[in-house]
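*Asks:* If it helps, the file is called query09.cif and holds mmCIF, N, CA and C atoms:
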data_work
loop_
_atom_site.label_atom_id
_atom_site.label_comp_id
_atom_site.auth_asym_id
_atom_site.auth_seq_id
_atom_site.Cartn_x
_atom_site.Cartn_y
_atom_site.Cartn_z
N MET A 1170 -3.73 -13.86 -1.51
CA MET A 1170 -5.05 -14.08 -2.07
C MET A 1170 -5.50 -12.80 -2.75
N TYR A 1171 -6.20 -12.95 -3.85
CA TYR A 1171 -6.78 -11.82 -4.56
C TYR A 1171 -8.21 -12.15 -4.95
N ALA A 1172 -8.95 -11.12 -5.31
CA ALA A 1172 -10.34 -11.30 -5.72
C ALA A 1172 -10.62 -10.43 -6.93
N VAL A 1173 -11.45 -10.93 -7.82
CA VAL A 1173 -11.92 -10.15 -8.96
C VAL A 1173 -13.33 -9.70 -8.60
N ILE A 1174 -13.50 -8.37 -8.49
CA ILE A 1174 -14.80 -7.82 -8.09
C ILE A 1174 -15.45 -7.13 -9.28
N GLN A 1175 -16.76 -6.97 -9.19
CA GLN A 1175 -17.49 -6.25 -10.22
C GLN A 1175 -18.08 -5.00 -9.61
N SER A 1176 -17.78 -3.86 -10.23
CA SER A 1176 -18.32 -2.58 -9.80
C SER A 1176 -18.89 -1.90 -11.03
N GLY A 1177 -20.18 -1.70 -11.05
CA GLY A 1177 -20.81 -1.17 -12.25
C GLY A 1177 -20.79 -2.24 -13.33
N SER A 1178 -20.29 -1.91 -14.49
CA SER A 1178 -20.22 -2.89 -15.57
C SER A 1178 -18.80 -3.38 -15.81
N ARG A 1179 -17.87 -3.04 -14.91
CA ARG A 1179 -16.47 -3.42 -15.08
C ARG A 1179 -16.01 -4.35 -13.98
N GLN A 1180 -14.93 -5.07 -14.25
CA GLN A 1180 -14.35 -5.97 -13.27
C GLN A 1180 -12.94 -5.51 -12.93
N TYR A 1181 -12.57 -5.65 -11.65
CA TYR A 1181 -11.27 -5.18 -11.16
C TYR A 1181 -10.63 -6.28 -10.33
N ARG A 1182 -9.31 -6.39 -10.41
CA ARG A 1182 -8.56 -7.34 -9.59
C ARG A 1182 -8.14 -6.60 -8.32
N ALA A 1183 -8.52 -7.14 -7.16
CA ALA A 1183 -8.27 -6.46 -5.89
C ALA A 1183 -7.42 -7.33 -4.98
N GLU A 1184 -6.43 -6.72 -4.35
CA GLU A 1184 -5.61 -7.37 -3.33
C GLU A 1184 -5.65 -6.51 -2.09
N ALA A 1185 -5.44 -7.11 -0.94
CA ALA A 1185 -5.47 -6.37 0.33
C ALA A 1185 -4.36 -5.33 0.33
N GLY A 1186 -4.70 -4.09 0.70
CA GLY A 1186 -3.73 -2.99 0.73
C GLY A 1186 -3.59 -2.23 -0.57
N GLN A 1187 -4.36 -2.60 -1.57
CA GLN A 1187 -4.28 -1.98 -2.89
C GLN A 1187 -5.29 -0.84 -3.01
N ARG A 1188 -4.96 0.15 -3.85
CA ARG A 1188 -5.89 1.24 -4.16
C ARG A 1188 -6.43 1.00 -5.57
N LEU A 1189 -7.76 1.11 -5.71
CA LEU A 1189 -8.43 0.89 -7.00
C LEU A 1189 -9.17 2.15 -7.42
N GLN A 1190 -9.11 2.47 -8.69
CA GLN A 1190 -9.92 3.55 -9.25
C GLN A 1190 -11.08 2.91 -10.00
N VAL A 1191 -12.30 3.13 -9.49
CA VAL A 1191 -13.50 2.58 -10.12
C VAL A 1191 -14.38 3.73 -10.58
N ASP A 1192 -15.39 3.42 -11.39
CA ASP A 1192 -16.33 4.46 -11.81
C ASP A 1192 -16.99 5.08 -10.58
N LYS A 1193 -17.43 6.31 -10.71
CA LYS A 1193 -17.95 7.08 -9.57
C LYS A 1193 -19.05 6.34 -8.82
N LEU A 1194 -18.90 6.31 -7.49
CA LEU A 1194 -19.89 5.73 -6.60
C LEU A 1194 -20.43 6.82 -5.69
N ASP A 1195 -21.70 6.74 -5.32
CA ASP A 1195 -22.29 7.73 -4.41
C ASP A 1195 -21.98 7.34 -2.97
N ARG A 1196 -20.77 7.58 -2.56
CA ARG A 1196 -20.31 7.30 -1.20
C ARG A 1196 -19.52 8.50 -0.70
N LYS A 1197 -19.48 8.67 0.62
CA LYS A 1197 -18.75 9.79 1.23
C LYS A 1197 -17.30 9.41 1.50
N LEU A 1198 -16.43 10.41 1.59
CA LEU A 1198 -15.03 10.16 1.90
C LEU A 1198 -14.91 9.49 3.26
N GLY A 1199 -14.06 8.49 3.36
CA GLY A 1199 -13.84 7.79 4.61
C GLY A 1199 -14.86 6.72 4.93
N GLU A 1200 -15.89 6.60 4.10
CA GLU A 1200 -16.93 5.59 4.34
C GLU A 1200 -16.41 4.21 3.97
N SER A 1201 -16.65 3.24 4.83
CA SER A 1201 -16.25 1.87 4.53
C SER A 1201 -17.50 1.04 4.24
N PHE A 1202 -17.37 0.11 3.30
CA PHE A 1202 -18.48 -0.76 2.92
C PHE A 1202 -17.93 -2.04 2.31
N ASP A 1203 -18.79 -3.01 2.13
CA ASP A 1203 -18.40 -4.31 1.57
C ASP A 1203 -18.92 -4.45 0.15
N ILE A 1204 -18.09 -5.00 -0.70
CA ILE A 1204 -18.50 -5.33 -2.07
C ILE A 1204 -18.70 -6.84 -2.10
N GLU A 1205 -19.91 -7.27 -2.38
CA GLU A 1205 -20.23 -8.69 -2.37
C GLU A 1205 -20.30 -9.28 -3.77
N ASN A 1206 -20.08 -8.45 -4.79
CA ASN A 1206 -20.06 -8.94 -6.17
C ASN A 1206 -18.66 -9.44 -6.50
N VAL A 1207 -18.29 -10.59 -5.93
CA VAL A 1207 -16.97 -11.19 -6.15
C VAL A 1207 -17.13 -12.27 -7.21
N VAL A 1208 -16.48 -12.08 -8.35
CA VAL A 1208 -16.61 -12.99 -9.48
C VAL A 1208 -15.66 -14.17 -9.34
N PHE A 1209 -14.45 -13.92 -8.82
CA PHE A 1209 -13.42 -14.96 -8.74
C PHE A 1209 -12.53 -14.69 -7.54
N VAL A 1210 -12.10 -15.75 -6.88
CA VAL A 1210 -11.14 -15.64 -5.79
C VAL A 1210 -9.94 -16.50 -6.16
N GLY A 1211 -8.75 -15.92 -6.13
CA GLY A 1211 -7.54 -16.65 -6.47
C GLY A 1211 -6.64 -16.79 -5.26
N GLY A 1212 -5.71 -17.72 -5.33
CA GLY A 1212 -4.79 -17.96 -4.24
C GLY A 1212 -4.62 -19.45 -4.02
N ASP A 1213 -4.54 -19.87 -2.74
CA ASP A 1213 -4.36 -21.29 -2.42
C ASP A 1213 -5.56 -22.12 -2.84
N LYS A 1214 -6.77 -21.61 -2.57
CA LYS A 1214 -8.00 -22.30 -2.94
C LYS A 1214 -8.80 -21.42 -3.90
N PRO A 1215 -8.54 -21.50 -5.21
CA PRO A 1215 -9.29 -20.66 -6.14
C PRO A 1215 -10.76 -21.07 -6.22
N ALA A 1216 -11.62 -20.08 -6.42
CA ALA A 1216 -13.05 -20.35 -6.54
C ALA A 1216 -13.65 -19.39 -7.56
N ALA A 1217 -14.43 -19.95 -8.47
CA ALA A 1217 -15.11 -19.15 -9.47
C ALA A 1217 -16.60 -19.15 -9.16
N GLY A 1218 -17.25 -18.01 -9.39
CA GLY A 1218 -18.67 -17.89 -9.08
C GLY A 1218 -19.54 -18.10 -10.29
N THR A 1219 -20.82 -18.36 -10.03
CA THR A 1219 -21.80 -18.49 -11.10
C THR A 1219 -23.02 -17.65 -10.80
N PRO A 1220 -23.07 -16.38 -10.94
CA PRO A 1220 -22.01 -15.49 -11.41
C PRO A 1220 -21.10 -14.98 -10.29
N PHE A 1221 -21.53 -15.08 -9.00
CA PHE A 1221 -20.72 -14.58 -7.91
C PHE A 1221 -20.38 -15.69 -6.94
N VAL A 1222 -19.24 -15.55 -6.24
CA VAL A 1222 -18.81 -16.53 -5.25
C VAL A 1222 -19.63 -16.33 -3.98
N LYS A 1223 -20.25 -17.39 -3.49
CA LYS A 1223 -21.10 -17.30 -2.30
C LYS A 1223 -20.22 -17.12 -1.05
N GLY A 1224 -20.64 -16.17 -0.20
CA GLY A 1224 -19.94 -15.95 1.05
C GLY A 1224 -18.66 -15.12 0.94
N ALA A 1225 -18.28 -14.73 -0.27
CA ALA A 1225 -17.07 -13.94 -0.45
C ALA A 1225 -17.42 -12.46 -0.50
N LYS A 1226 -16.57 -11.65 0.11
CA LYS A 1226 -16.77 -10.20 0.06
C LYS A 1226 -15.43 -9.49 0.21
N VAL A 1227 -15.40 -8.24 -0.24
CA VAL A 1227 -14.20 -7.41 -0.17
C VAL A 1227 -14.58 -6.14 0.58
N SER A 1228 -13.87 -5.84 1.66
CA SER A 1228 -14.10 -4.62 2.43
C SER A 1228 -13.23 -3.51 1.89
N VAL A 1229 -13.84 -2.35 1.63
CA VAL A 1229 -13.12 -1.21 1.06
C VAL A 1229 -13.47 0.07 1.81
N VAL A 1230 -12.60 1.08 1.66
CA VAL A 1230 -12.81 2.40 2.23
C VAL A 1230 -12.65 3.41 1.10
N VAL A 1231 -13.55 4.40 1.02
CA VAL A 1231 -13.45 5.45 0.00
C VAL A 1231 -12.37 6.44 0.45
N VAL A 1232 -11.31 6.57 -0.35
CA VAL A 1232 -10.22 7.48 0.01
C VAL A 1232 -10.18 8.73 -0.85
N GLN A 1233 -10.85 8.71 -2.00
CA GLN A 1233 -10.81 9.90 -2.86
C GLN A 1233 -11.97 9.88 -3.84
N GLN A 1234 -12.55 11.06 -4.07
CA GLN A 1234 -13.53 11.29 -5.13
C GLN A 1234 -12.91 12.37 -6.02
N ALA A 1235 -12.63 12.05 -7.27
CA ALA A 1235 -11.92 13.01 -8.11
C ALA A 1235 -12.31 12.84 -9.57
N ARG A 1236 -11.61 13.56 -10.43
CA ARG A 1236 -11.81 13.48 -11.87
C ARG A 1236 -10.49 13.10 -12.53
N GLY A 1237 -10.59 12.32 -13.58
CA GLY A 1237 -9.41 11.87 -14.30
C GLY A 1237 -8.82 12.96 -15.18
N PRO A 1238 -7.80 12.61 -15.94
CA PRO A 1238 -7.17 13.59 -16.82
C PRO A 1238 -8.10 13.98 -17.97
N LYS A 1239 -7.86 15.15 -18.52
CA LYS A 1239 -8.68 15.63 -19.63
C LYS A 1239 -8.32 14.88 -20.91
N ILE A 1240 -9.36 14.43 -21.59
CA ILE A 1240 -9.20 13.76 -22.87
C ILE A 1240 -9.79 14.67 -23.93
N LEU A 1241 -9.03 14.96 -24.97
CA LEU A 1241 -9.50 15.83 -26.04
C LEU A 1241 -10.01 15.00 -27.21
N ILE A 1242 -11.17 15.39 -27.72
CA ILE A 1242 -11.77 14.76 -28.89
C ILE A 1242 -11.75 15.80 -30.00
N PHE A 1243 -11.02 15.53 -31.07
CA PHE A 1243 -10.88 16.48 -32.16
C PHE A 1243 -11.36 15.82 -33.44
N LYS A 1244 -12.29 16.49 -34.13
CA LYS A 1244 -12.81 16.01 -35.40
C LYS A 1244 -12.50 17.04 -36.47
N LYS A 1245 -12.13 16.56 -37.64
CA LYS A 1245 -11.82 17.48 -38.74
C LYS A 1245 -12.11 16.80 -40.06
N LYS A 1246 -12.70 17.57 -40.98
CA LYS A 1246 -12.85 17.11 -42.35
C LYS A 1246 -12.07 18.08 -43.22
N ARG A 1247 -11.09 17.58 -43.87
CA ARG A 1247 -10.22 18.48 -44.63
C ARG A 1247 -10.95 19.10 -45.82
N ARG A 1248 -10.54 20.30 -46.10
CA ARG A 1248 -11.07 21.11 -47.21
C ARG A 1248 -12.55 21.44 -47.08
N HIS A 1249 -13.12 21.33 -45.88
CA HIS A 1249 -14.52 21.69 -45.68
C HIS A 1249 -14.69 22.72 -44.57
N GLY A 1250 -13.63 23.09 -43.91
CA GLY A 1250 -13.72 24.06 -42.84
C GLY A 1250 -14.43 23.52 -41.61
N TYR A 1251 -14.45 22.21 -41.45
CA TYR A 1251 -15.14 21.60 -40.33
C TYR A 1251 -14.13 21.14 -39.29
N ARG A 1252 -14.18 21.77 -38.11
CA ARG A 1252 -13.31 21.37 -37.00
C ARG A 1252 -14.11 21.45 -35.71
N ARG A 1253 -14.02 20.43 -34.89
CA ARG A 1253 -14.70 20.41 -33.60
C ARG A 1253 -13.71 19.92 -32.55
N LEU A 1254 -13.65 20.64 -31.44
CA LEU A 1254 -12.79 20.25 -30.34
C LEU A 1254 -13.65 20.13 -29.09
N LYS A 1255 -13.57 18.99 -28.46
CA LYS A 1255 -14.38 18.75 -27.27
C LYS A 1255 -13.49 18.08 -26.22
N GLY A 1256 -13.71 18.44 -24.95
CA GLY A 1256 -12.94 17.84 -23.87
C GLY A 1256 -13.83 17.03 -22.95
N HIS A 1257 -13.23 16.08 -22.25
CA HIS A 1257 -13.99 15.22 -21.33
C HIS A 1257 -13.09 14.83 -20.16
N ARG A 1258 -13.65 14.87 -18.94
CA ARG A 1258 -12.96 14.37 -17.74
C ARG A 1258 -13.90 13.41 -17.04
N GLN A 1259 -13.44 12.19 -16.84
CA GLN A 1259 -14.27 11.14 -16.23
C GLN A 1259 -14.16 11.21 -14.71
N ASP A 1260 -15.31 11.17 -14.01
CA ASP A 1260 -15.32 11.11 -12.55
C ASP A 1260 -14.96 9.69 -12.11
N PHE A 1261 -14.22 9.58 -11.00
CA PHE A 1261 -13.90 8.28 -10.46
C PHE A 1261 -13.88 8.31 -8.94
N THR A 1262 -13.96 7.15 -8.35
CA THR A 1262 -13.85 6.96 -6.91
C THR A 1262 -12.66 6.06 -6.66
N GLU A 1263 -11.78 6.48 -5.76
CA GLU A 1263 -10.63 5.65 -5.43
C GLU A 1263 -10.92 4.91 -4.13
N LEU A 1264 -10.74 3.59 -4.16
CA LEU A 1264 -11.04 2.73 -3.02
C LEU A 1264 -9.76 2.10 -2.50
N PHE A 1265 -9.68 1.92 -1.18
CA PHE A 1265 -8.58 1.21 -0.53
C PHE A 1265 -9.13 -0.12 -0.04
N VAL A 1266 -8.53 -1.22 -0.47
CA VAL A 1266 -9.00 -2.55 -0.09
C VAL A 1266 -8.42 -2.89 1.28
N THR A 1267 -9.30 -3.01 2.29
CA THR A 1267 -8.83 -3.29 3.65
C THR A 1267 -8.78 -4.78 3.94
N ALA A 1268 -9.70 -5.58 3.39
CA ALA A 1268 -9.71 -7.01 3.67
C ALA A 1268 -10.47 -7.77 2.60
N ILE A 1269 -10.09 -9.05 2.45
CA ILE A 1269 -10.79 -9.96 1.54
C ILE A 1269 -11.22 -11.17 2.36
N PHE A 1270 -12.51 -11.49 2.30
CA PHE A 1270 -13.07 -12.63 3.02
C PHE A 1270 -13.58 -13.64 2.00
N ALA A 1271 -13.01 -14.86 1.99
CA ALA A 1271 -13.48 -15.89 1.06
C ALA A 1271 -12.97 -17.25 1.52
N ASN A 1272 -13.76 -18.29 1.26
CA ASN A 1272 -13.39 -19.68 1.56
C ASN A 1272 -12.98 -19.88 3.02
N GLY A 1273 -13.58 -19.13 3.94
CA GLY A 1273 -13.23 -19.26 5.35
C GLY A 1273 -11.90 -18.63 5.71
N GLN A 1274 -11.28 -17.93 4.76
CA GLN A 1274 -10.01 -17.25 5.00
C GLN A 1274 -10.22 -15.75 5.00
N THR A 1275 -9.33 -15.04 5.70
CA THR A 1275 -9.37 -13.59 5.74
C THR A 1275 -7.96 -13.06 5.50
N VAL A 1276 -7.84 -12.12 4.57
CA VAL A 1276 -6.57 -11.45 4.32
C VAL A 1276 -6.79 -9.97 4.55
N LYS A 1277 -6.05 -9.40 5.51
CA LYS A 1277 -6.21 -7.99 5.84
C LYS A 1277 -5.01 -7.20 5.37
N ALA A 1278 -5.23 -5.91 5.11
CA ALA A 1278 -4.16 -5.01 4.67
C ALA A 1278 -3.26 -4.68 5.86
N GLU A 1279 -1.98 -4.53 5.59
CA GLU A 1279 -1.02 -4.19 6.65
C GLU A 1279 -1.01 -2.70 6.94
N SER A 1280 -1.31 -1.89 5.93
CA SER A 1280 -1.30 -0.43 6.12
C SER A 1280 -2.71 0.11 6.29
N LYS A 1281 -2.79 1.35 6.70
CA LYS A 1281 -4.08 2.04 6.91
C LYS A 1281 -4.40 2.91 5.70
N PRO A 1282 -5.72 3.12 5.41
CA PRO A 1282 -6.07 3.98 4.29
C PRO A 1282 -5.83 5.44 4.63
N VAL A 1283 -5.37 6.22 3.66
CA VAL A 1283 -5.15 7.65 3.81
C VAL A 1283 -6.19 8.36 2.95
N VAL A 1284 -7.13 9.04 3.61
CA VAL A 1284 -8.22 9.72 2.90
C VAL A 1284 -7.71 11.05 2.38
N VAL A 1285 -7.93 11.31 1.08
CA VAL A 1285 -7.49 12.54 0.43
C VAL A 1285 -8.68 13.48 0.34
N ASP A 1286 -8.63 14.60 1.10
CA ASP A 1286 -9.72 15.57 1.09
C ASP A 1286 -9.37 16.66 0.09
N PRO A 1287 -10.22 16.94 -0.90
CA PRO A 1287 -9.87 17.90 -1.95
C PRO A 1287 -9.81 19.35 -1.46
N THR A 1288 -10.36 19.69 -0.32
CA THR A 1288 -10.35 21.08 0.15
C THR A 1288 -9.15 21.40 0.98
#
What does the file become when written as structure tokens?
*Replies:*
Amino acid sequence: MYAVIQSGSRQYRAEAGQRLQVDKLDRKLGESFDIENVVFVGGDKPAAGTPFVKGAKVSVVVVQQARGPKILIFKKKRRHGYRRLKGHRQDFTELFVTAIFANGQTVKAESKPVVVDPT
């Protein structure tokens, strides 16, 4: 069974035992919480929400708060001496999906989350 969840303005496909990188959330390392914004549940009994599936939730644990790779933005206009170089690193939160609850079914992860402490 899998679930499509909404975090912020994006949607992610989540399966039990999977690690997801979502936009930064204000949560502490090792904190577990439930995401109730489940848009779709797939598997034996698929269910689509309007806009969310009632009674469905995904349990997750925060395993990492980090920054993505550096992206360089370079602008140039030839023959005008105009050059601009700018860098950007996007913050993200990595989540470990521990369980999916939907349609009276529960799917739990077989492995345990490993929290990555940056210090």
*Asks:* Please, what distance in Å, to one decimal, runs between atom C of Ala1185 of chain A and atom CA of Arg1236 of chain A?
*Replies:* 23.6 Å
*Asks:* Mind checking DSSP for chain A and telling me the strand (DSSP E) residues as a count of residues only?
*Replies:* 69
*Asks:* For a test of reading the model, state the distance in Å between atom CA of Leu1189 of chain A and atom N of Val1210 of chain A, rounded to one decimal.
*Replies:*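 Atom N of Val1210 of chain A lies 17.0 Å from atom CA of Leu1189 of chain A.
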*Asks:* Of the candidates A:Arg1258, A:Phe1209, A:Phe1202, A:Val1231, which shows the shortest atom-to-atom distance to Val1284 of chain A, using all atoms listed in the file?
*Replies:*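 Once distances to Val1284 of chain A are computed over all atoms listed in the file, the minimum belongs to A:Val1231.
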*Asks:* Using all atoms listed in the file, which residues sit within 7 Å of Ile1242 of chain A once same-chain residues fewer than 4 positions away are excluded, as number ranges by chain?
*Replies:* A: 1253-1257
*Asks:* What is the atom C of Lys1281 of chain A to atom CA of Ser1176 of chain A distance in Å?
*Replies:* 21.5 Å
*Asks:* The PyMOL selection byres ((chain A and resi 1171) around 7) - which residues does that actually catch in the file I just gave you? List them as a VMD selection string.
*Replies:* chain A and resid 1170 1172 to 1173 1182 to 1185 1209 to 1212
*Asks:* Excluding same-chain residues fewer than 3 positions from Val1232 of chain A, what lies within 6 Å of it counting only N, CA and C atoms, as a compact mmCIF listing (two decimals) with N, CA and C atoms, keeping the file's coordinate frame?
*Replies:*
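Writing done, so here's out-v9.txt:
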# COMPACT_ATOMS: atom_id res chain seq x y z
N LEU A 1198 -16.43 10.41 1.59
CA LEU A 1198 -15.03 10.16 1.90
C LEU A 1198 -14.91 9.49 3.26
N GLY A 1199 -14.06 8.49 3.36
CA GLY A 1199 -13.84 7.79 4.61
C GLY A 1199 -14.86 6.72 4.93
N GLU A 1263 -11.78 6.48 -5.76
CA GLU A 1263 -10.63 5.65 -5.43
C GLU A 1263 -10.92 4.91 -4.13
N LEU A 1264 -10.74 3.59 -4.16
CA LEU A 1264 -11.04 2.73 -3.02
C LEU A 1264 -9.76 2.10 -2.50
N PHE A 1265 -9.68 1.92 -1.18
CA PHE A 1265 -8.58 1.21 -0.53
C PHE A 1265 -9.13 -0.12 -0.04
N VAL A 1283 -5.37 6.22 3.66
CA VAL A 1283 -5.15 7.65 3.81
C VAL A 1283 -6.19 8.36 2.95
N VAL A 1284 -7.13 9.04 3.61
CA VAL A 1284 -8.22 9.72 2.90
C VAL A 1284 -7.71 11.05 2.38
N VAL A 1285 -7.93 11.31 1.08
CA VAL A 1285 -7.49 12.54 0.43
C VAL A 1285 -8.68 13.48 0.34
*Asks:* Taking 3 positions as the minimum chain separation for residues in the same chain, which residues sit within 7 Å of Ala1268 of chain A when counting all atoms listed in the file? Answer as a list of chain:residue names.
*Replies:* A:Glu1184, A:Ala1185, A:Gly1186, A:Lys1226, A:Val1227, A:Ser1228, A:Val1229, A:Phe1265, A:Thr1275, A:Val1276, A:Lys1277, A:Ala1278
*Asks:* Could you tell me which of A:Glu1279, A:Glu1205, A:Asp1213, A:Asp1195 comes closest to Val1266 of chain A if we count all atoms listed in the file?
*Replies:* A:Glu1279
*Asks:* Using all atoms listed in the file - which residues lie no farther than 5 Å from the point (-10.9, -16.0, -0.5) in the file's frame? Write them as a PDB file with N, CA and C atoms, in the coordinates of the input.
*Replies:*
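Output contents, as saved in selection.pdb:
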ATOM      1  N   PHE A1270     -12.510 -11.490   2.300  1.00  0.00           N
ATOM      2  CA  PHE A1270     -13.070 -12.630   3.020  1.00  0.00           C
ATOM      3  C   PHE A1270     -13.580 -13.640   2.000  1.00  0.00           C
ATOM      4  N   ALA A1271     -13.010 -14.860   1.990  1.00  0.00           N
ATOM      5  CA  ALA A1271     -13.480 -15.890   1.060  1.00  0.00           C
ATOM      6  C   ALA A1271     -12.970 -17.250   1.520  1.00  0.00           C
ATOM      7  N   ASN A1272     -13.760 -18.290   1.260  1.00  0.00           N
ATOM      8  CA  ASN A1272     -13.390 -19.680   1.560  1.00  0.00           C
ATOM      9  C   ASN A1272     -12.980 -19.880   3.020  1.00  0.00           C
TER      10      ASN A1272
END
*Asks:* Kindly indicate which residue among A:Lys1246, A:Thr1267, A:Lys1197, A:Asn1206 lies nearest to Ser1178 of chain A, using only C-alpha atoms for the distances.
*Replies:*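 Between A:Lys1246, A:Thr1267, A:Lys1197, A:Asn1206, the residue approaching Ser1178 of chain A most closely is A:Asn1206.
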*Asks:* At a cut-off of 7 Å, using all atoms listed in the file, what residues contact Asp1260 of chain A? Leave out same-chain residues fewer than 5 positions from it and give the result as a ChimeraX atom specification.
*Replies:* /A:1191-1194,1234-1237
*Asks:* Name all residues at most 5 Å from segment 1222-1224 of chain A (count only N, CA and C atoms; drop same-chain ones fewer than 4 positions away) and give them as a PyMOL selection string.
*Replies:* chain A and resi 1207-1208+1218
*Asks:* Since the input has fewer atoms than a full residue there, write segment 1201-1208 of chain A out with all heavy atoms, as a CSV table (one decimal), in the frame of the given file.
*Replies:*
chain,number,residue,atom,x,y,z
A,1201,SER,N,-16.6,3.2,4.8
A,1201,SER,CA,-16.2,1.9,4.5
A,1201,SER,C,-17.5,1.0,4.2
A,1201,SER,O,-18.6,1.2,4.9
A,1201,SER,CB,-15.5,1.3,5.7
A,1201,SER,OG,-16.3,1.2,6.8
A,1202,PHE,N,-17.4,0.1,3.3
A,1202,PHE,CA,-18.5,-0.8,2.9
A,1202,PHE,C,-17.9,-2.0,2.3
A,1202,PHE,O,-16.7,-2.1,2.1
A,1202,PHE,CB,-19.4,0.0,2.0
A,1202,PHE,CG,-18.8,0.3,0.6
A,1202,PHE,CD1,-19.0,-0.4,-0.5
A,1202,PHE,CD2,-18.1,1.5,0.5
A,1202,PHE,CE1,-18.5,-0.1,-1.7
A,1202,PHE,CE2,-17.6,1.9,-0.7
A,1202,PHE,CZ,-17.8,1.1,-1.8
A,1203,ASP,N,-18.8,-3.0,2.1
A,1203,ASP,CA,-18.4,-4.3,1.6
A,1203,ASP,C,-18.9,-4.4,0.2
A,1203,ASP,O,-20.1,-4.1,-0.1
A,1203,ASP,CB,-19.0,-5.5,2.4
A,1203,ASP,CG,-18.3,-5.5,3.8
A,1203,ASP,OD1,-17.2,-5.0,4.0
A,1203,ASP,OD2,-19.0,-6.0,4.7
A,1204,ILE,N,-18.1,-5.0,-0.7
A,1204,ILE,CA,-18.5,-5.3,-2.1
A,1204,ILE,C,-18.7,-6.8,-2.1
A,1204,ILE,O,-17.8,-7.6,-1.8
A,1204,ILE,CB,-17.4,-4.9,-3.1
A,1204,ILE,CG1,-17.3,-3.4,-3.1
A,1204,ILE,CG2,-17.8,-5.4,-4.5
A,1204,ILE,CD1,-16.2,-2.9,-3.9
A,1205,GLU,N,-19.9,-7.3,-2.4
A,1205,GLU,CA,-20.2,-8.7,-2.4
A,1205,GLU,C,-20.3,-9.3,-3.8
A,1205,GLU,O,-20.5,-10.5,-3.9
A,1205,GLU,CB,-21.5,-8.9,-1.6
A,1205,GLU,CG,-21.4,-8.6,-0.1
A,1205,GLU,CD,-22.6,-8.8,0.7
A,1205,GLU,OE1,-23.7,-9.2,0.1
A,1205,GLU,OE2,-22.6,-8.6,1.9
A,1206,ASN,N,-20.1,-8.4,-4.8
A,1206,ASN,CA,-20.1,-8.9,-6.2
A,1206,ASN,C,-18.7,-9.4,-6.5
A,1206,ASN,O,-17.9,-8.8,-7.3
A,1206,ASN,CB,-20.5,-7.8,-7.1
A,1206,ASN,CG,-21.9,-7.4,-7.0
A,1206,ASN,OD1,-22.7,-8.1,-6.3
A,1206,ASN,ND2,-22.3,-6.3,-7.5
A,1207,VAL,N,-18.3,-10.6,-5.9
A,1207,VAL,CA,-17.0,-11.2,-6.2
A,1207,VAL,C,-17.1,-12.3,-7.2
A,1207,VAL,O,-17.9,-13.3,-7.0
A,1207,VAL,CB,-16.4,-11.8,-4.8
A,1207,VAL,CG1,-15.1,-12.4,-5.1
A,1207,VAL,CG2,-16.3,-10.7,-3.8
A,1208,VAL,N,-16.5,-12.1,-8.4
A,1208,VAL,CA,-16.6,-13.0,-9.5
A,1208,VAL,C,-15.7,-14.2,-9.3
A,1208,VAL,O,-16.0,-15.3,-9.7
A,1208,VAL,CB,-16.3,-12.2,-10.8
A,1208,VAL,CG1,-16.4,-13.2,-12.0
A,1208,VAL,CG2,-17.3,-11.1,-10.9
